[in-house]
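Student: Sharing model33.cif, mmCIF, C-alpha atoms:
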```
data_query
#
loop_
_atom_site.label_atom_id
_atom_site.label_comp_id
_atom_site.auth_asym_id
_atom_site.auth_seq_id
_atom_site.Cartn_x
_atom_site.Cartn_y
_atom_site.Cartn_z
CA MET S 191 108.72 -15.33 -97.20
CA LEU S 192 105.73 -14.06 -95.23
CA ALA S 193 107.92 -11.79 -93.15
CA ALA S 194 109.53 -10.43 -96.27
CA GLY S 195 106.08 -9.78 -97.69
CA TRP S 196 105.04 -7.77 -94.67
CA LEU S 197 108.21 -5.72 -94.86
CA LEU S 198 108.09 -5.27 -98.58
CA PHE S 199 104.38 -4.58 -99.05
CA PRO S 200 104.27 -1.20 -97.24
CA ALA S 201 107.36 -0.09 -99.10
CA LEU S 202 105.72 -0.95 -102.42
CA LEU S 203 102.29 0.36 -101.49
CA TYR S 204 103.36 3.88 -100.64
CA THR S 205 105.28 6.49 -102.59
CA SER S 206 107.35 8.83 -100.50
CA THR S 207 107.72 12.54 -101.31
CA PRO S 208 109.59 15.09 -99.19
CA GLN S 209 107.73 18.29 -98.31
CA PRO S 210 108.67 21.27 -100.51
CA ALA S 211 109.96 23.16 -97.47
CA GLN S 212 111.00 22.18 -93.96
CA PHE S 213 109.29 23.36 -90.81
CA SER S 214 109.88 22.71 -87.13
CA HIS S 215 106.70 22.73 -85.08
CA GLN S 216 108.83 22.54 -81.97
CA ALA S 217 110.82 25.69 -82.76
CA HIS S 218 107.62 27.62 -83.45
CA GLY S 219 105.61 26.19 -80.59
CA GLU S 220 107.88 25.98 -77.57
CA ALA S 221 110.58 28.43 -78.50
CA ALA S 222 108.48 31.13 -80.18
CA GLY S 223 105.54 30.64 -77.83
CA LEU S 224 102.89 30.03 -80.50
CA THR S 225 99.90 27.72 -80.12
CA CYS S 226 98.21 25.59 -82.81
CA ASP S 227 95.51 28.16 -83.51
CA THR S 228 97.99 30.97 -84.12
CA CYS S 229 98.61 29.53 -87.57
CA HIS S 230 95.85 26.93 -88.01
CA GLY S 231 92.72 28.96 -87.30
CA PHE S 232 89.09 29.26 -88.32
CA THR S 233 87.23 31.63 -90.57
CA ALA S 234 84.27 33.46 -89.06
CA GLU S 235 81.93 30.96 -90.78
CA GLY S 236 83.52 28.11 -88.87
CA ARG S 237 85.49 26.73 -91.78
CA PHE S 238 88.90 25.43 -90.78
CA ALA S 239 91.55 27.53 -92.51
CA GLY S 240 94.07 24.67 -92.65
CA ILE S 241 97.67 25.44 -93.43
CA PRO S 242 98.73 29.11 -93.33
CA THR S 243 99.57 31.03 -96.47
CA THR S 244 103.04 32.32 -97.23
CA GLU S 245 101.69 35.79 -96.54
CA SER S 246 100.79 34.90 -92.96
CA CYS S 247 104.24 33.31 -92.46
CA ALA S 248 105.78 36.50 -93.80
CA GLY S 249 103.85 38.41 -91.14
CA CYS S 250 106.64 37.38 -88.77
CA HIS S 251 109.32 36.36 -91.27
CA SER S 252 109.52 39.64 -93.13
CA GLY S 253 113.27 39.17 -92.81
CA LEU S 254 115.36 36.23 -91.66
CA LEU S 255 114.79 35.63 -87.96
CA GLY S 256 117.15 32.71 -87.40
CA GLU S 257 120.15 31.06 -88.91
CA THR S 258 118.79 27.68 -89.99
CA GLU S 259 119.16 26.34 -93.51
CA SER S 260 115.44 25.55 -93.73
CA GLU S 261 114.47 29.14 -92.98
CA LYS S 262 116.91 30.46 -95.59
CA HIS S 263 115.49 28.01 -98.12
CA PHE S 264 111.92 28.98 -97.27
CA PHE S 265 112.72 32.68 -97.41
CA ALA S 266 114.55 32.55 -100.72
CA ASN S 267 112.09 30.25 -102.47
CA PHE S 268 108.73 31.32 -101.11
CA VAL S 269 108.69 34.58 -99.15
CA GLU S 270 110.82 36.67 -101.52
CA PRO S 271 109.08 35.57 -104.76
CA GLY S 272 105.72 35.57 -102.93
CA ARG S 273 104.92 31.96 -103.86
CA GLU S 274 102.61 29.64 -101.98
CA VAL S 275 104.09 26.41 -100.67
CA ASN S 276 102.47 23.34 -102.15
CA TRP S 277 102.34 21.52 -98.79
CA LEU S 278 101.46 17.85 -98.93
CA ILE S 279 98.72 17.44 -96.35
CA TYR S 280 99.11 14.38 -94.13
CA SER S 281 95.54 14.36 -92.86
CA ARG S 282 93.64 15.14 -96.07
CA GLN S 283 90.39 13.20 -96.23
CA PRO S 284 88.52 12.19 -99.41
CA ASP S 285 86.03 14.69 -100.86
CA ASN S 286 83.01 12.89 -99.48
CA VAL S 287 84.10 13.34 -95.88
CA ARG S 288 82.72 16.26 -93.98
CA PHE S 289 84.73 16.97 -90.87
CA SER S 290 83.83 20.05 -88.88
CA HIS S 291 86.81 21.30 -86.91
CA ALA S 292 84.55 23.93 -85.35
CA ARG S 293 82.19 21.29 -83.93
CA HIS S 294 85.01 19.23 -82.46
CA VAL S 295 87.21 22.03 -81.14
CA GLN S 296 84.80 24.83 -80.22
CA VAL S 297 81.84 22.77 -79.02
CA GLY S 298 83.40 19.38 -78.20
CA LYS S 299 86.45 21.02 -76.57
CA MET S 300 88.86 18.50 -78.04
CA GLU S 301 92.60 19.03 -78.26
CA CYS S 302 94.18 19.07 -81.73
CA ALA S 303 96.56 16.27 -80.73
CA GLU S 304 93.68 13.89 -79.97
CA CYS S 305 93.34 13.28 -83.72
CA HIS S 306 96.51 14.74 -85.17
CA GLY S 307 98.93 13.17 -82.68
CA PRO S 308 101.76 15.04 -81.00
CA HIS S 309 103.19 16.45 -84.23
CA GLY S 310 103.23 19.87 -82.60
CA GLU S 311 106.38 18.69 -80.87
CA SER S 312 108.12 17.41 -83.99
CA GLU S 313 111.36 19.00 -85.12
CA SER S 314 110.97 18.37 -88.83
CA LEU S 315 108.33 17.40 -91.36
CA LYS S 316 108.42 13.75 -92.32
CA ALA S 317 108.15 12.66 -95.93
CA PHE S 318 104.61 12.46 -97.28
CA GLU S 319 103.62 8.89 -98.09
CA ARG S 320 100.85 8.39 -100.62
CA ASN S 321 99.00 5.12 -101.14
CA ARG S 322 99.50 4.11 -104.77
CA ILE S 323 96.05 2.55 -105.03
CA SER S 324 93.76 4.93 -103.15
CA GLY S 325 95.88 8.07 -103.40
CA TYR S 326 95.33 8.73 -99.69
CA SER S 327 97.98 9.79 -97.22
CA ARG S 328 99.49 7.06 -95.07
CA ASP S 329 98.35 8.92 -91.95
CA ILE S 330 94.77 7.94 -92.78
CA TRP S 331 95.51 4.23 -92.42
CA GLY S 332 98.04 4.78 -89.66
CA PRO S 333 101.66 3.70 -89.37
CA ARG S 334 100.98 0.01 -88.72
CA MET S 335 99.81 -2.20 -91.55
CA LEU S 336 97.70 -4.44 -89.30
CA ARG S 337 96.26 -1.48 -87.42
CA VAL S 338 96.89 -3.12 -84.06
CA GLY S 339 98.19 -1.14 -81.11
CA LEU S 340 97.61 2.25 -82.74
CA LYS S 341 98.10 5.08 -80.28
CA PRO S 342 95.50 7.86 -80.00
CA GLY S 343 96.09 10.28 -82.84
CA GLN S 344 97.31 7.56 -85.19
CA GLY S 345 94.99 6.56 -88.00
CA MET S 346 92.15 8.66 -89.39
CA LYS S 347 89.89 6.07 -90.97
CA MET S 348 86.14 6.06 -90.46
CA ASP S 349 86.69 3.25 -87.94
CA ASP S 350 88.78 5.63 -85.84
CA CYS S 351 86.10 8.33 -85.98
CA MET S 352 83.41 5.79 -85.11
CA ALA S 353 85.37 4.32 -82.18
CA CYS S 354 85.63 7.74 -80.57
CA HIS S 355 82.00 8.60 -81.25
CA ARG S 356 80.90 5.28 -79.78
CA ASP S 357 83.00 5.77 -76.66
CA ARG S 358 81.54 9.21 -76.08
CA GLN S 359 78.04 8.22 -77.23
CA VAL S 360 77.78 11.01 -79.76
CA GLU S 361 75.34 10.18 -82.52
CA ALA S 362 76.19 11.68 -85.91
CA GLY S 363 74.27 9.67 -88.54
CA CYS S 364 75.69 9.10 -92.03
CA LEU S 365 75.29 12.61 -93.35
CA GLY S 366 76.74 14.13 -90.20
CA CYS S 367 80.18 13.20 -91.50
CA HIS S 368 79.57 12.57 -95.20
CA ARG S 369 78.42 14.90 -97.89
CA MET E 580 82.86 15.37 -74.60
CA ASN E 581 80.96 15.23 -71.35
CA ALA E 582 77.30 15.06 -70.40
CA GLU E 583 76.62 18.75 -70.99
CA THR E 584 77.63 18.49 -74.61
CA VAL E 585 75.12 15.79 -75.57
CA GLU E 586 73.45 16.34 -78.92
CA ARG E 587 70.48 18.70 -79.08
CA ALA E 588 66.94 17.34 -79.18
CA PRO E 589 66.13 15.43 -82.38
CA ARG E 590 64.54 17.49 -85.11
CA ARG E 591 62.14 16.32 -87.79
CA TYR E 592 62.69 18.48 -90.81
CA GLY E 593 59.78 18.93 -93.15
CA MET E 594 58.38 21.18 -95.85
CA VAL E 595 55.05 22.68 -96.73
CA ILE E 596 54.58 23.68 -100.36
CA ASP E 597 51.72 25.96 -101.31
CA LEU E 598 50.67 24.83 -104.79
CA ASP E 599 48.47 27.88 -105.29
CA ARG E 600 51.53 30.07 -104.97
CA CYS E 601 53.83 28.04 -107.23
CA SER E 602 54.08 29.71 -110.63
CA GLY E 603 56.17 26.93 -112.16
CA CYS E 604 59.13 29.20 -112.86
CA GLY E 605 61.68 26.49 -112.06
CA ALA E 606 64.02 28.70 -110.00
CA CYS E 607 64.00 26.03 -107.30
CA MET E 608 65.23 23.40 -109.77
CA VAL E 609 68.14 25.60 -110.82
CA ALA E 610 69.04 26.47 -107.23
CA CYS E 611 68.84 22.78 -106.30
CA SER E 612 71.18 21.67 -109.09
CA ALA E 613 73.68 24.40 -108.28
CA GLU E 614 73.68 23.67 -104.56
CA ASN E 615 74.05 19.92 -104.98
CA ASN E 616 76.63 19.94 -107.77
CA VAL E 617 74.37 18.26 -110.29
CA PRO E 618 76.21 18.40 -113.64
CA PRO E 619 74.56 19.67 -116.84
CA ALA E 620 72.49 16.91 -118.44
CA HIS E 621 74.21 14.42 -120.72
CA PRO E 622 73.07 14.84 -124.37
CA GLN E 623 71.37 11.43 -124.23
CA ALA E 624 69.62 12.05 -120.92
CA THR E 625 65.84 11.72 -120.76
CA GLU E 626 63.44 12.83 -118.08
CA ARG E 627 64.22 9.71 -116.07
CA THR E 628 67.90 9.23 -116.86
CA GLY E 629 68.82 12.84 -116.25
CA ILE E 630 69.15 14.06 -112.68
CA THR E 631 66.59 16.43 -111.25
CA LEU E 632 66.61 16.03 -107.47
CA LEU E 633 63.76 18.51 -107.50
CA ARG E 634 61.33 18.52 -110.42
CA VAL E 635 58.47 20.88 -111.10
CA VAL E 636 55.75 18.76 -112.67
CA GLN E 637 52.89 20.30 -114.61
CA VAL E 638 49.44 18.79 -114.05
CA LYS E 639 46.15 19.65 -115.72
CA ASP E 640 42.53 19.12 -114.87
CA ALA E 641 40.24 18.75 -117.87
CA ALA E 642 36.98 19.39 -116.03
CA SER E 643 37.93 22.72 -114.46
CA ARG E 644 40.55 23.58 -117.10
CA GLY E 645 42.94 24.03 -114.24
CA VAL E 646 46.72 23.93 -114.45
CA ALA E 647 49.06 23.49 -111.51
CA PHE E 648 52.76 23.01 -110.96
CA ILE E 649 53.95 20.57 -108.34
CA PRO E 650 57.51 20.76 -107.04
CA MET E 651 58.41 17.13 -106.32
CA MET E 652 61.48 15.98 -104.45
CA CYS E 653 62.24 13.17 -102.04
CA GLN E 654 59.28 13.23 -99.67
CA GLN E 655 61.48 12.04 -96.76
CA CYS E 656 59.17 9.18 -95.80
CA GLY E 657 59.36 8.53 -92.07
CA ASP E 658 57.38 5.28 -91.71
CA ASP E 659 58.62 2.05 -93.28
CA THR E 660 60.64 4.16 -95.67
CA PRO E 661 60.32 2.16 -98.92
CA CYS E 662 63.78 2.90 -100.30
CA MET E 663 65.44 2.08 -97.01
CA THR E 664 63.69 -1.26 -96.54
CA VAL E 665 64.67 -2.55 -100.00
CA CYS E 666 68.30 -1.43 -100.00
CA PRO E 667 70.58 -4.48 -99.85
CA GLN E 668 73.56 -2.31 -98.91
CA GLN E 669 72.19 -0.34 -95.97
CA ALA E 670 73.02 2.67 -98.10
CA VAL E 671 69.78 4.37 -97.05
CA GLU E 672 69.01 5.38 -93.49
CA VAL E 673 66.61 7.70 -91.76
CA ASP E 674 68.71 10.07 -89.68
CA LYS E 675 67.69 9.94 -86.03
CA LEU E 676 68.73 13.53 -85.45
CA THR E 677 67.01 15.22 -88.38
CA GLY E 678 64.51 12.73 -89.81
CA VAL E 679 66.12 13.16 -93.22
CA VAL E 680 66.34 10.06 -95.41
CA GLU E 681 70.05 9.71 -96.04
CA GLN E 682 71.45 8.29 -99.23
CA MET E 683 75.05 7.14 -99.04
CA PRO E 684 76.58 7.05 -102.53
CA GLN E 685 79.70 5.43 -101.04
CA ARG E 686 77.74 2.31 -100.13
CA CYS E 687 75.36 2.27 -103.09
CA LEU E 688 76.00 -0.57 -105.55
CA GLY E 689 73.65 0.83 -108.18
CA CYS E 690 71.00 -1.93 -108.16
CA ARG E 691 68.23 0.71 -108.30
CA TYR E 692 65.79 -1.25 -106.12
CA CYS E 693 65.18 1.98 -104.24
CA MET E 694 64.17 3.73 -107.44
CA THR E 695 61.62 1.02 -108.10
CA ALA E 696 60.38 1.17 -104.52
CA CYS E 697 60.05 4.94 -104.38
CA PRO E 698 56.39 5.84 -104.97
CA PHE E 699 57.35 9.41 -105.87
CA GLN E 700 60.05 8.66 -108.47
CA ALA E 701 62.25 11.03 -106.55
CA ARG E 702 65.44 9.01 -106.92
CA PHE E 703 67.85 9.27 -109.80
CA PHE E 704 70.64 7.09 -111.09
CA ASN E 705 73.94 8.46 -112.35
CA TRP E 706 74.07 6.95 -115.82
CA TRP E 707 77.15 8.98 -116.79
CA ASP E 708 80.16 10.31 -114.96
CA PRO E 709 79.57 13.93 -114.02
CA GLU E 710 81.16 16.39 -116.45
CA TRP E 711 81.25 20.12 -116.26
CA PRO E 712 82.11 22.41 -119.19
CA ALA E 713 85.61 23.90 -118.84
CA GLY E 714 85.65 26.62 -116.22
CA MET E 715 82.34 25.65 -114.67
CA GLU E 716 84.00 23.38 -112.14
CA THR E 717 85.13 26.51 -110.30
CA THR E 718 81.48 27.15 -109.45
CA LEU E 719 81.10 23.83 -107.64
CA ASN E 720 79.87 23.88 -104.07
CA PRO E 721 82.64 22.57 -101.80
CA GLY E 722 80.01 21.44 -99.29
CA ALA E 723 78.59 18.71 -101.54
CA ALA E 724 80.70 15.92 -103.07
CA PRO E 725 79.87 15.16 -106.73
CA ARG E 726 78.53 11.64 -107.23
CA MET E 727 80.14 9.14 -109.56
CA ARG E 728 78.57 7.10 -112.33
CA GLY E 729 76.68 4.04 -111.07
CA VAL E 730 75.13 5.33 -107.86
CA VAL E 731 71.70 6.63 -106.91
CA GLU E 732 71.11 10.08 -105.48
CA LYS E 733 68.23 12.13 -104.18
CA CYS E 734 67.25 15.25 -102.25
CA ASP E 735 68.58 15.39 -98.69
CA PHE E 736 67.12 18.77 -97.70
CA CYS E 737 70.46 20.45 -98.54
CA GLN E 738 72.68 18.81 -95.94
CA SER E 739 75.52 20.98 -97.25
CA ARG E 740 73.65 24.04 -96.03
CA MET E 741 72.89 22.40 -92.73
CA HIS E 742 76.57 21.61 -92.26
CA ALA E 743 77.51 25.23 -92.96
CA ALA E 744 74.93 26.48 -90.45
CA GLU E 745 76.15 23.93 -87.90
CA ASP E 746 79.76 25.07 -88.32
CA LYS E 747 78.82 28.71 -87.98
CA ALA E 748 76.87 28.03 -84.78
CA ALA E 749 79.76 25.97 -83.46
CA MET E 750 82.05 28.98 -83.78
CA GLU E 751 79.89 30.64 -81.14
CA GLY E 752 80.02 27.48 -79.06
CA SER E 753 76.40 26.67 -79.83
CA ARG E 754 74.48 23.70 -81.21
CA GLU E 755 71.38 25.70 -82.03
CA PHE E 756 70.99 26.81 -85.62
CA GLU E 757 68.47 27.18 -88.38
CA TYR E 758 69.03 26.83 -92.08
CA THR E 759 67.17 27.21 -95.35
CA PRO E 760 67.45 24.75 -98.26
CA ALA E 761 68.35 26.21 -101.65
CA CYS E 762 64.89 25.72 -103.20
CA VAL E 763 63.17 27.52 -100.33
CA GLU E 764 65.54 30.44 -100.64
CA ALA E 765 65.21 30.65 -104.43
CA CYS E 766 61.40 30.59 -104.59
CA PRO E 767 60.22 34.06 -105.69
CA THR E 768 56.66 33.49 -104.48
CA ARG E 769 57.71 31.95 -101.16
CA ALA E 770 55.65 28.88 -101.90
CA ILE E 771 57.90 26.60 -99.84
CA VAL E 772 58.19 26.71 -96.07
CA PHE E 773 60.84 24.64 -94.35
CA GLY E 774 61.44 23.89 -90.70
CA ASP E 775 61.25 21.51 -87.77
CA LEU E 776 57.98 19.55 -87.53
CA ASN E 777 58.82 18.61 -83.94
CA ASP E 778 58.51 22.23 -82.93
CA PRO E 779 54.75 22.91 -82.69
CA GLU E 780 55.35 26.67 -82.90
CA SER E 781 57.27 26.59 -86.19
CA ASP E 782 55.72 27.92 -89.41
CA VAL E 783 56.03 24.53 -91.02
CA SER E 784 54.13 22.79 -88.19
CA ARG E 785 51.31 25.30 -88.24
CA GLN E 786 50.90 25.17 -92.01
CA ALA E 787 51.18 21.39 -92.12
CA ARG E 788 47.98 21.10 -90.11
CA ASN E 789 45.91 22.38 -93.01
CA SER E 790 47.52 20.41 -95.80
CA PHE E 791 47.68 17.11 -97.61
CA ARG E 792 50.43 14.77 -98.71
CA PHE E 793 50.92 12.86 -101.92
CA LEU E 794 49.99 9.16 -101.78
CA GLU E 795 49.29 9.46 -98.09
CA ARG E 796 47.30 6.21 -98.09
CA LEU E 797 50.45 4.21 -98.79
CA GLY E 798 51.37 4.92 -95.18
CA THR E 799 54.96 5.93 -95.80
CA GLY E 800 54.66 9.07 -93.69
CA PRO E 801 56.11 11.69 -96.06
CA LYS E 802 57.42 14.85 -94.41
CA VAL E 803 56.71 17.07 -97.42
CA TYR E 804 53.24 18.58 -97.19
CA TYR E 805 51.27 20.38 -99.90
CA ARG E 806 48.54 22.98 -99.68
CA SER E 807 45.94 24.01 -102.23
CA ARG E 808 42.42 25.38 -102.30
CA ARG E 809 41.67 23.48 -105.48
CA PRO E 810 39.76 20.23 -104.73
CA TRP E 811 40.97 18.48 -107.90
CA LEU E 812 44.56 18.83 -106.74
CA ARG E 813 43.73 17.14 -103.47
CA THR E 814 42.06 14.28 -105.35
CA LEU E 815 45.08 14.01 -107.61
CA ALA E 816 47.38 13.70 -104.63
CA SER E 817 45.82 10.43 -103.55
CA ARG E 818 45.55 8.91 -107.03
CA VAL E 819 48.10 6.46 -108.34
CA GLY E 820 48.14 7.12 -112.04
CA ALA E 821 49.95 5.52 -114.95
CA PRO E 822 53.31 7.14 -115.54
CA PRO E 823 53.38 9.69 -118.37
CA LYS E 824 53.95 8.07 -121.75
CA LYS E 825 57.05 10.11 -122.51
CA GLU E 826 58.96 8.82 -119.52
CA ASN E 827 61.47 6.02 -119.50
CA GLY E 828 61.64 5.98 -123.28
CA ASN E 829 65.25 4.78 -123.49
CA GLY E 830 65.32 2.30 -120.90
#
```
Can the structure from this file be put into structure tokens for me?
Tutor:
Amino acid sequence: MLAAGWLLFPALLYTSTPQPAQFSHQAHGEAAGLTCDTCHGFTAEGRFAGIPTTESCAGCHSGLLGETESEKHFFANFVEPGREVNWLIYSRQPDNVRFSHARHVQVGKMECAECHGPHGESESLKAFERNRISGYSRDIWGPRMLRVGLKPGQGMKMDDCMACHRDRQVEAGCLGCHR
Amino acid sequence: MNAETVERAPRRYGMVIDLDRCSGCGACMVACSAENNVPPAHPQATERTGITLLRVVQVKDAASRGVAFIPMMCQQCGDDTPCMTVCPQQAVEVDKLTGVVEQMPQRCLGCRYCMTACPFQARFFNWWDPEWPAGMETTLNPGAAPRMRGVVEKCDFCQSRMHAAEDKAAMEGSREFEYTPACVEACPTRAIVFGDLNDPESDVSRQARNSFRFLERLGTGPKVYYRSRRPWLRTLASRVGAPPKKENGNG
């Protein structure tokens, strides 16, 4: 009964939605020779620009470059009509969280994968799982319900931020990370 | 992060407000509300139940027929901070890096002890959920999260602006930055000076030497200083008076 509960609860707690388009980080990273910041860059003010627009994708994909189904789908549905993709963002934090990518990457010299995990090597985008109660992405809590044995880059709760800050003895205060 | 990237030296942000320069125009109040995403007042809101993180208070002196306007906000008490000591939720802390009294709406349970404890009445309770007229939500500042009904809020020296300045400096690989709170920027007579009190060379440190603070004898160590040539204003600053009769009418 207990075992069934543990198996059933996550399935009930999260809704699962596929991304509106498919994307292989591996094909773009290793094969095309791009790095994270080619597409996920900063503005001059230090604001993280997040996920690229269709226009910046079309900078390379002005025509079909490969033969995959996902590229054809993306081209026909988004590049040609000039529509933005409504990506479901795995690592979206609540509004009251202030996370400065500039401080962590430019000053703290951290690698993207230290928080985001090795998804730069993934071949496809997994389904987006949303917590029915909080509305947050499952990546915030992490893949394991009990949060034991999480690997670095899994879980993006305040506890995870704090653990890293404590290890590195970086003081941030409350309003350093909240707004 | 290694040893060379340790945080910069702690700052102690403070303000000096020249009351002889303040014309009472209220531009600072507008700038403050816009910066901090304070919604338009609820129709039932009174002076105490509405939210004015920064208020310009008019005071009069009968003897000299003098009138003055006093911009009042959280005075960022540094010693035995009254609101912090009474909070049962640890929702109030004095930031070690900036000296700013931090209010965490996420932890606040809405008991309002801090509002009772605050000698400056600089804290406000969200009696209603924030609501913006249609279309106005597009003007919200993405750097400040709107607060929900049931929590207390107050001035935090525009942390949203500090964050933006921090991010911009970080793009150049630096931790050094300066920023200006919204009220300081909006003031047409430049009555407000803002800066780091730990830096003896800063404008704010130099002006703070020839100034007074409100209710200084309570020993809460406010970091907002006031200046005036008028003696009656200085006397007023140390007087604990009865609250105005109009206030707190509904509750």
Student: Would you kindly identify which residues have an atom no farther than 12 Å from (99.8, 30.2, -94.2), using all atoms listed in the file and the file's own coordinates, and write them out as a PDB file with C-alpha atoms, in the coordinates of the input?
Tutor:
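point_19.pdb, written as the output of this step:
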```pdb
ATOM      1  CA  ASP S 227      95.510  28.160 -83.510  1.00  0.00           C
ATOM      2  CA  THR S 228      97.990  30.970 -84.120  1.00  0.00           C
ATOM      3  CA  CYS S 229      98.610  29.530 -87.570  1.00  0.00           C
ATOM      4  CA  HIS S 230      95.850  26.930 -88.010  1.00  0.00           C
ATOM      5  CA  GLY S 231      92.720  28.960 -87.300  1.00  0.00           C
ATOM      6  CA  ALA S 239      91.550  27.530 -92.510  1.00  0.00           C
ATOM      7  CA  GLY S 240      94.070  24.670 -92.650  1.00  0.00           C
ATOM      8  CA  ILE S 241      97.670  25.440 -93.430  1.00  0.00           C
ATOM      9  CA  PRO S 242      98.730  29.110 -93.330  1.00  0.00           C
ATOM     10  CA  THR S 243      99.570  31.030 -96.470  1.00  0.00           C
ATOM     11  CA  THR S 244     103.040  32.320 -97.230  1.00  0.00           C
ATOM     12  CA  GLU S 245     101.690  35.790 -96.540  1.00  0.00           C
ATOM     13  CA  SER S 246     100.790  34.900 -92.960  1.00  0.00           C
ATOM     14  CA  CYS S 247     104.240  33.310 -92.460  1.00  0.00           C
ATOM     15  CA  ALA S 248     105.780  36.500 -93.800  1.00  0.00           C
ATOM     16  CA  GLY S 249     103.850  38.410 -91.140  1.00  0.00           C
ATOM     17  CA  CYS S 250     106.640  37.380 -88.770  1.00  0.00           C
ATOM     18  CA  HIS S 251     109.320  36.360 -91.270  1.00  0.00           C
ATOM     19  CA  PHE S 268     108.730  31.320-101.110  1.00  0.00           C
ATOM     20  CA  VAL S 269     108.690  34.580 -99.150  1.00  0.00           C
ATOM     21  CA  GLY S 272     105.720  35.570-102.930  1.00  0.00           C
ATOM     22  CA  ARG S 273     104.920  31.960-103.860  1.00  0.00           C
ATOM     23  CA  GLU S 274     102.610  29.640-101.980  1.00  0.00           C
ATOM     24  CA  VAL S 275     104.090  26.410-100.670  1.00  0.00           C
ATOM     25  CA  ASN S 276     102.470  23.340-102.150  1.00  0.00           C
ATOM     26  CA  TRP S 277     102.340  21.520 -98.790  1.00  0.00           C
TER      27      TRP S 277
END
```
Student: Tell me, as a list of chain:residue names, which residues lie within 7 Å of stretch 715-720 of chain E, counting only C-alpha atoms; anything in the same chain fewer than 3 positions away does not count.
Tutor: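 My list of contacting residues is E:Glu614, E:Asn616, E:Trp711, E:Pro712, E:Ala723.
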Student: So, counting only C-alpha atoms, which residue among E:Lys639, E:Ser602, E:Val680, E:Arg590 is closest to E:Phe756?
Tutor: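 Checking each of E:Lys639, E:Ser602, E:Val680, E:Arg590 against E:Phe756, counting only C-alpha atoms, the winner is E:Arg590.
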Student: What residues come out when you apply the PyMOL selection byres ((chain E) within 6 of (chain S)) to this file, written as a VMD selection string?
Tutor: chain E and resid 580 674 723 to 724 746 to 747 749 to 750 752
Student: Might you pull out every residue within 12 Å of stretch 254-258 of chain S, with only C-alpha atoms counted and same-chain residues fewer than 2 positions away left off, and present them as a ChimeraX atom specification?
Tutor: /S:212-214,217-218,221-222,247-252,260-266,269-270
Student: Might you spell out which residues the PyMOL selection byres ((chain S and resi 303-320) around 8) would select in the displayed file, as a VMD selection string?
Tutor: chain S and resid 204 to 209 212 to 217 219 226 278 to 281 300 to 302 321 to 322 325 to 328 342 to 344 346
Student: Please write the residues picked by the PyMOL selection byres ((chain E and resi 600) around 9) on this file as a tab-separated table (two decimals) with C-alpha atoms, in the coordinates of the input.
Tutor:
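Once everything was written out, this is out-v6.tsv:
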```
chain	number	residue	atom	x	y	z
E	596	ILE	CA	54.58	23.68	-100.36
E	597	ASP	CA	51.72	25.96	-101.31
E	598	LEU	CA	50.67	24.83	-104.79
E	599	ASP	CA	48.47	27.88	-105.29
E	601	CYS	CA	53.83	28.04	-107.23
E	602	SER	CA	54.08	29.71	-110.63
E	768	THR	CA	56.66	33.49	-104.48
E	769	ARG	CA	57.71	31.95	-101.16
E	770	ALA	CA	55.65	28.88	-101.90
E	771	ILE	CA	57.90	26.60	-99.84
E	807	SER	CA	45.94	24.01	-102.23
```
Student: Counting all atoms listed in the file, find residues at most 6 Å from (69.5, 10.0, -106.3) (file frame) and give them as a list in words.
Tutor: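 Residues with an atom close enough to that point: Arg702, Phe703, Phe704, Val731, Glu732 and Lys733 of chain E.
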Student: Grab the atom CA of E:Trp707 to atom CA of E:Tyr692 distance for me, in Å with one decimal place.
Tutor: 18.6 Å
Student: Set up a box along x, y and z of the file covering all listed atoms of stretch 774-784 of chain E, add 4 Å on every one of the six sides, and write the centre and edge lengths in Å to one decimal, as lines of an AutoDock Vina configuration file.
Tutor:
```
center_x = 57.8
center_y = 23.3
center_z = -86.9
size_x = 15.3
size_y = 17.3
size_z = 16.3
```
Student: Distance atom CA of E:Asn705-atom CA of E:Gly605, one decimal place?
Tutor: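 Atom-to-atom, atom CA of E:Asn705 to atom CA of E:Gly605, that is 21.8 Å.
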